[in-house]
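Okay, so here's the structure we're looking at.
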Amino acid sequence: MAKDLLFEIGTEEVPAHVMPGTLAQLKENAEKAFKENRIAFKAVRTLGTPRRTALIVEGLAEKQEDVASENRGPSVKIAFDAEGNPTKAAQGFARGQHVDPKDLVVKDGYVYAEVHEEGQPTAKLLETLLPELVCGLSFPNNMRWGDLDFKFIRPIRWFVALYGADVIPFELANVKSGRTSRGHRFLSQGDFEIADAKSYEKACEANFIIVDQDKRKQMIREQIEAVAKANGGQAEITEDLLEEVLYLVEYPTALCGKFEEKYLQLPPEAVITPMRDHQRYFPVKTAEGKLLPLFITVRNGGKEYLETVQHGNERVLRARLADAQFFFDEDRKKSLEEHREKLKTVVFQQGLGTMYEKTERLEKLGDFIADAIGADEKAHKHARRAAILSKADLVTGMVTEFTELQGIMGREYAKLDGECEKVAIAIDEHYKPRFAGDSQPQTTAGRIVSLADKIDTIVGTFSLGKIPTGSQDPFALRRQALGLVNMIIEAKYHLSLSAIVAKAMDLYGIEDEKARAKMQQDVADFIRLRLKNVLESIRYDVVDAVLADVDDIYAVALRAKAVADYVTDADAAAGVQAFVRVANLAKKAASAEVSADLFRTDAERNLFAAYEKASAAVASDIASESYAEAITALAALAAPIDTFFDDVMVMDKDEKIKNNRLGLLKSIDELVNRIADFTKIVLA
């Protein structure tokens with residue numbers, strides 16, 4: 001009869017950001033362990049709070065499944081002597097299989113051992129499996145405590161291990177398993193016993209523990225929304241903050257606090273950042289999005305003494321906002337441009353000059369990019385000014401204290417200085433995207449400065465030999481490159497990556513030709529990998545087919561979409577096969593030179609005429625971004641290519657004729673490769 005399993009790991013408070021991954025790991029490891037040990041189960045789920053990580057397995061079978069196997073041994077000639085008696089080889093094989101030599105079965109010229117392994121009781125296996133699940137959890141950082149060699153994210157204080165109503169006995173890190181758990185630190189009476197897995201959640205709730213994280217999350221959301229509504233506003237709930245708060249509390253109660261209205265004179269982000277990022281408070285706004293002098297926090301406890309908790313939180317926030325006001329007032333004694341002078345004392349990276357010099361490079365590289373995308377004079381001007389001021393806020397008191405506000409305070413200070421609105425916005429946008437899922441710059445000036453900043457950082461860091469390897473990426477270059485790729489595609493910019501990199505190298509004073517060539521290759525390879533990530537929704541072989549040349553990033557995306565659509569067509573196979581045949585022989589061509597005077601057959605002449613027609617069409621289609629039409633023009637070459645191979649001996653004895661035919665094939669191959677390398681396409 002199947003029973004439910006409860007396994008609770010009780011610890012000191014685990015950091016909130018670690019909990020989601022821990023719960024996912026435990027679930028995955030448990031499912032794998034039960035399958036490998038042939039223990040059937042219905043469902044596995046994990047529950048968690050800051051102090052407990054729990055595994056519940058429903059319908060866990062009482063014993064392993066039996067195993068019947070037929071294992072092959074030595075050949076009959078080796079297994080038996082002339083009299084038919086088992087040799088040492090047969091006896092050793094039988095002993096290893098735990099069977100009697102006389103029970104060996106002869107089949108297909110070999111001896112076999114028929115082995116039946118009876119499944120062991122699950123309860124017995126769990127005595128080993130449960131400690132292994134604990135030891136199998138991995139964390140970014142571990143602790144050791146006492147004189148133990150055992151390591152875990154936080155000290156383990158208790159284990160609850162129940163199979164049905166029975167305790168699974170084991171000991172790990174000097175902690176013995178049992179049925180006793182611990183209630184809320186302040187609201188409960190302390191330890192409490194759990195009868196079985198089915199009563200776990202109710203027993204926890206009776207001791208002020210909402211152990212189901214989904215239920216707890218819904219409670220927190222509903223309470224925050226209700227408290228905000230009761231105070232005449234709407235709470236701004238971000239998912240990342242909600243998840244962090246979720247794993248900071250075991251029994252949530254939301255409450256509202258207030259702060260002085262004078263702080264609303266600060267830029268909204270200057271109030272929200274210390275509130276949200278430093279204190280884990282939720283800001284409250286009007287229906288129109290205007291910030292109110294209110295905040296909502298979630299305590300780990302009940303409704304008793306809420307006023308005391310409110311006053312304590314208000315006092316902490318008041319101090320943070322007073323700091324923000326002080327730094328803001330001090331910063332405003334200088335203009336943003338005056339702050340920029342201090343960048344001369346701030347090193348960008350060792351060997352790459354100061355942040356002041358970086359802004360000078362951004363101004364020049366921004367001009368180059370603006371010309372490349374055909375930006376108008378206003379965008380040129382706005383981007384140039386934004387580049388000059390882009391890093392000035394880094395030396396302000398506000399950003400020094402609240403680093404999350406870089407770019408944001410630059411925008412606000414620029415506005416207060418009377419700078420153009422688009423310049424101010426571009427100062428903020430040039431950092432975008434700041435994180436996965438963040439928005440891209442929306443203004444032309446913002447995109448120009450952002451692209452310049454990212455290319456400058458990548459080229460500069462690569463020039464020091466600091467190319468990301470493995471999981472190491474201390475300068476977040478992968479994020480920068482991914483943001484660059486997504487930005488170019490979203491903005492539909494046709495830019496030459498190699499030209500921008502060359503300009504960036506000029507600005508860094510990199511003159512050695514070998515170093516420049518290596519830089520171009522390294523950056524192209526780095527961008528190629530990011531493009532692969534961006535195009536992950538497209539067939540892998542199609543992506544491989546278009547990634548040979550990544551100089552025009554947006555064109556790569558367009559070509560990938562067009563080729564992906566083409567290869568799904570029923571008639572695509574004929575075209576792909578023709579292109580592959582051409583590519584295979586084109587490798588032998590010394591050049592793509594073709595002379596019509598050397599043609600000897602109609603098949604050659606017809607193919608050359610078809611090539612010239614396709615070449616003109618492809619050039620026109622690429623210019624108009626009509627890549628599907630370009631592929632259609634190329635597909636028209638399939639029939640004349642097949643006729644050419646049927647009627648023409650390419651490797652003619654006459655060297656000139658042979659080279660001319662190879663040159664024709666190479667010309668066609670080069671034309672086809674303007675769209676994709678079809679040799680990478682996998683046909684069904």
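As shown in the structure tokens, the chain order sets the letters A, B, ...; within each chain, residues go from 1, and ligands are also counted from 1 in the order they appear.
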
> Hey, what's within 8 Å of stretch 489-499 of chain A if we count only C-alpha atoms and toss same-chain stuff fewer than 6 positions away? As JSON, numbers by chain, please?
Replying inline: {"A": [372, 373, 520, 524, 550, 551, 552, 553, 554, 555, 557]}

>> Set the distance at 6 Å and use only C-alpha atoms: which residues neighbour A:Ser390 once local chain neighbours fewer than 3 positions away are removed? I'd like the list as a count of residues only.
In response: 3

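Excluding stretch 667-682 of chain A and any residue on its chain fewer than 5 positions from it, the residues at most 8 Å away by only C-alpha atoms are Asp541, Val542, Asp544, Ala545, Val546, Ala548, Arg559, Val563, Val576, Phe579, Val580, Val582, Ala583, Ala586, Ala592, Glu593, Tyr611, Ser615, Tyr627, Ala630, Ile631 and Leu634 of chain A.
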
> Got a sec: who's within 12 Å of A:Val106, counting only C-alpha atoms, leaving out chain neighbours fewer than 3 positions off, as a list in words?
Replying inline: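 Once the adjacent positions are removed, what remains is Glu70, Asn71, Arg72, Gly73, Pro74, Ser75, Val76, Lys77, Ala79, Phe80, Gly84, Pro86, Ala90, Pro101, Lys102, Asp103, Gly109, Tyr110, Val111, Tyr112, Ala113 and Glu114 of chain A.
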
> Neighbours of stretch 318-322 of chain A within 10 Å (only C-alpha atoms; same-chain residues fewer than 6 positions away dropped), as JSON, numbers by chain?
Replying inline: {"A": [258, 259, 260, 263, 264, 266, 270, 271, 272, 273, 274, 275, 278, 279, 312, 328]}

>> Can you tell me which residues surround A:Gly136 at a distance of at most 12 Å, considering only C-alpha atoms, apart from same-chain residues fewer than 4 positions away, and format the answer as a PyMOL selection string?
In response: chain A and resi 22+25-30+32-33+129-132+151-152

Could you dump the residues just selected with all heavy atoms as a CSV table (one decimal), in the first residue's frame?
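What follows is the written file out06.csv:
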chain,number,residue,atom,x,y,z
A,22,THR,N,16.5,26.3,-4.3
A,22,THR,CA,16.6,25.2,-3.4
A,22,THR,C,15.4,24.3,-3.5
A,22,THR,O,15.5,23.0,-3.6
A,22,THR,CB,16.8,25.7,-1.9
A,22,THR,OG1,17.9,26.5,-1.9
A,22,THR,CG2,16.9,24.5,-1.0
A,25,GLN,N,15.6,22.4,-6.8
A,25,GLN,CA,16.6,21.3,-6.7
A,25,GLN,C,16.1,20.1,-6.0
A,25,GLN,O,16.3,19.0,-6.4
A,25,GLN,CB,17.8,21.9,-6.0
A,25,GLN,CG,18.9,22.5,-6.8
A,25,GLN,CD,20.2,22.7,-5.9
A,25,GLN,OE1,20.9,21.8,-5.7
A,25,GLN,NE2,20.3,23.9,-5.4
A,26,LEU,N,15.5,20.4,-4.8
A,26,LEU,CA,15.0,19.3,-4.0
A,26,LEU,C,14.0,18.4,-4.7
A,26,LEU,O,14.0,17.2,-4.7
A,26,LEU,CB,14.5,19.8,-2.7
A,26,LEU,CG,14.0,18.8,-1.7
A,26,LEU,CD1,15.1,17.8,-1.3
A,26,LEU,CD2,13.4,19.4,-0.4
A,27,LYS,N,13.1,19.1,-5.4
A,27,LYS,CA,12.1,18.4,-6.2
A,27,LYS,C,12.7,17.5,-7.3
A,27,LYS,O,12.4,16.3,-7.4
A,27,LYS,CB,11.1,19.4,-6.8
A,27,LYS,CG,9.9,18.7,-7.6
A,27,LYS,CD,9.0,19.8,-8.1
A,27,LYS,CE,7.7,19.2,-8.7
A,27,LYS,NZ,8.0,18.5,-9.9
A,28,GLU,N,13.6,18.1,-8.0
A,28,GLU,CA,14.2,17.4,-9.1
A,28,GLU,C,15.1,16.3,-8.6
A,28,GLU,O,15.0,15.2,-9.2
A,28,GLU,CB,15.1,18.4,-9.9
A,28,GLU,CG,15.8,17.8,-11.1
A,28,GLU,CD,16.7,18.8,-11.8
A,28,GLU,OE1,16.6,20.0,-11.6
A,28,GLU,OE2,17.6,18.4,-12.6
A,29,ASN,N,15.9,16.5,-7.6
A,29,ASN,CA,16.7,15.4,-7.0
A,29,ASN,C,15.9,14.3,-6.5
A,29,ASN,O,16.3,13.1,-6.6
A,29,ASN,CB,17.6,16.0,-6.0
A,29,ASN,CG,18.7,16.9,-6.5
A,29,ASN,OD1,18.8,17.1,-7.7
A,29,ASN,ND2,19.4,17.6,-5.6
A,30,ALA,N,14.8,14.6,-5.8
A,30,ALA,CA,13.9,13.6,-5.2
A,30,ALA,C,13.3,12.7,-6.3
A,30,ALA,O,13.3,11.5,-6.3
A,30,ALA,CB,12.8,14.2,-4.4
A,32,LYS,N,14.4,12.2,-9.3
A,32,LYS,CA,15.4,11.4,-9.9
A,32,LYS,C,15.8,10.2,-9.0
A,32,LYS,O,16.0,9.1,-9.5
A,32,LYS,CB,16.7,12.3,-10.2
A,32,LYS,CG,17.8,11.5,-10.9
A,32,LYS,CD,19.0,12.5,-11.1
A,32,LYS,CE,20.1,11.8,-11.7
A,32,LYS,NZ,21.3,12.7,-11.9
A,33,ALA,N,15.9,10.4,-7.7
A,33,ALA,CA,16.3,9.4,-6.8
A,33,ALA,C,15.3,8.3,-6.7
A,33,ALA,O,15.7,7.1,-6.7
A,33,ALA,CB,16.6,10.0,-5.4
A,129,LEU,N,18.4,7.4,1.5
A,129,LEU,CA,18.0,8.4,0.5
A,129,LEU,C,17.8,9.8,1.0
A,129,LEU,O,18.2,10.7,0.4
A,129,LEU,CB,16.7,7.9,-0.3
A,129,LEU,CG,16.9,6.8,-1.3
A,129,LEU,CD1,15.5,6.4,-1.8
A,129,LEU,CD2,17.8,7.1,-2.4
A,130,LEU,N,17.2,9.9,2.2
A,130,LEU,CA,16.9,11.2,2.7
A,130,LEU,C,18.1,12.0,3.0
A,130,LEU,O,18.3,13.2,2.6
A,130,LEU,CB,15.9,11.1,3.9
A,130,LEU,CG,14.5,10.6,3.5
A,130,LEU,CD1,13.6,10.6,4.8
A,130,LEU,CD2,13.9,11.4,2.4
A,131,PRO,N,19.1,11.4,3.8
A,131,PRO,CA,20.3,12.2,4.0
A,131,PRO,C,21.1,12.5,2.7
A,131,PRO,O,21.7,13.6,2.6
A,131,PRO,CB,21.2,11.2,4.8
A,131,PRO,CG,20.2,10.3,5.5
A,131,PRO,CD,19.1,10.1,4.5
A,132,GLU,N,21.0,11.6,1.7
A,132,GLU,CA,21.6,11.9,0.4
A,132,GLU,C,21.0,13.1,-0.3
A,132,GLU,O,21.6,13.9,-1.0
A,132,GLU,CB,21.5,10.7,-0.5
A,132,GLU,CG,22.5,9.5,-0.1
A,132,GLU,CD,22.3,8.3,-1.0
A,132,GLU,OE1,21.4,8.3,-1.8
A,132,GLU,OE2,23.2,7.4,-0.8
A,151,LYS,N,28.8,20.7,5.5
A,151,LYS,CA,28.6,22.1,5.1
A,151,LYS,C,27.1,22.2,4.5
A,151,LYS,O,26.7,21.3,3.9
A,151,LYS,CB,29.6,22.5,4.0
A,151,LYS,CG,31.0,22.7,4.5
A,151,LYS,CD,31.9,23.3,3.5
A,151,LYS,CE,32.5,22.3,2.6
A,151,LYS,NZ,33.5,22.8,1.7
A,152,PHE,N,26.5,23.3,4.8
A,152,PHE,CA,25.2,23.6,4.3
A,152,PHE,C,25.0,25.1,4.2
A,152,PHE,O,25.8,25.9,4.8
A,152,PHE,CB,24.1,22.9,5.2
A,152,PHE,CG,22.8,22.6,4.5
A,152,PHE,CD1,22.7,21.6,3.6
A,152,PHE,CD2,21.7,23.3,4.9
A,152,PHE,CE1,21.5,21.4,2.9
A,152,PHE,CE2,20.4,23.0,4.3
A,152,PHE,CZ,20.4,22.1,3.3

> Could you name the residues that touch stretch 36-39 of chain A at 9 Å or less, counting only C-alpha atoms, but leaving out those on the same chain fewer than 5 positions away, as a ChimeraX atom specification?
Replying inline: /A:31,60-66,119,122,125

> Pick from A:Val245, A:Ala562, A:Ile224, A:Val115: nearest to A:His17, with only C-alpha atoms counted?
Replying inline: A:Val245

>> Restricting the calculation to only C-alpha atoms: of A:Tyr247, A:Lys42, A:Ala617, A:Gly301, which residue gets closest to A:Phe208?
In response: A:Gly301
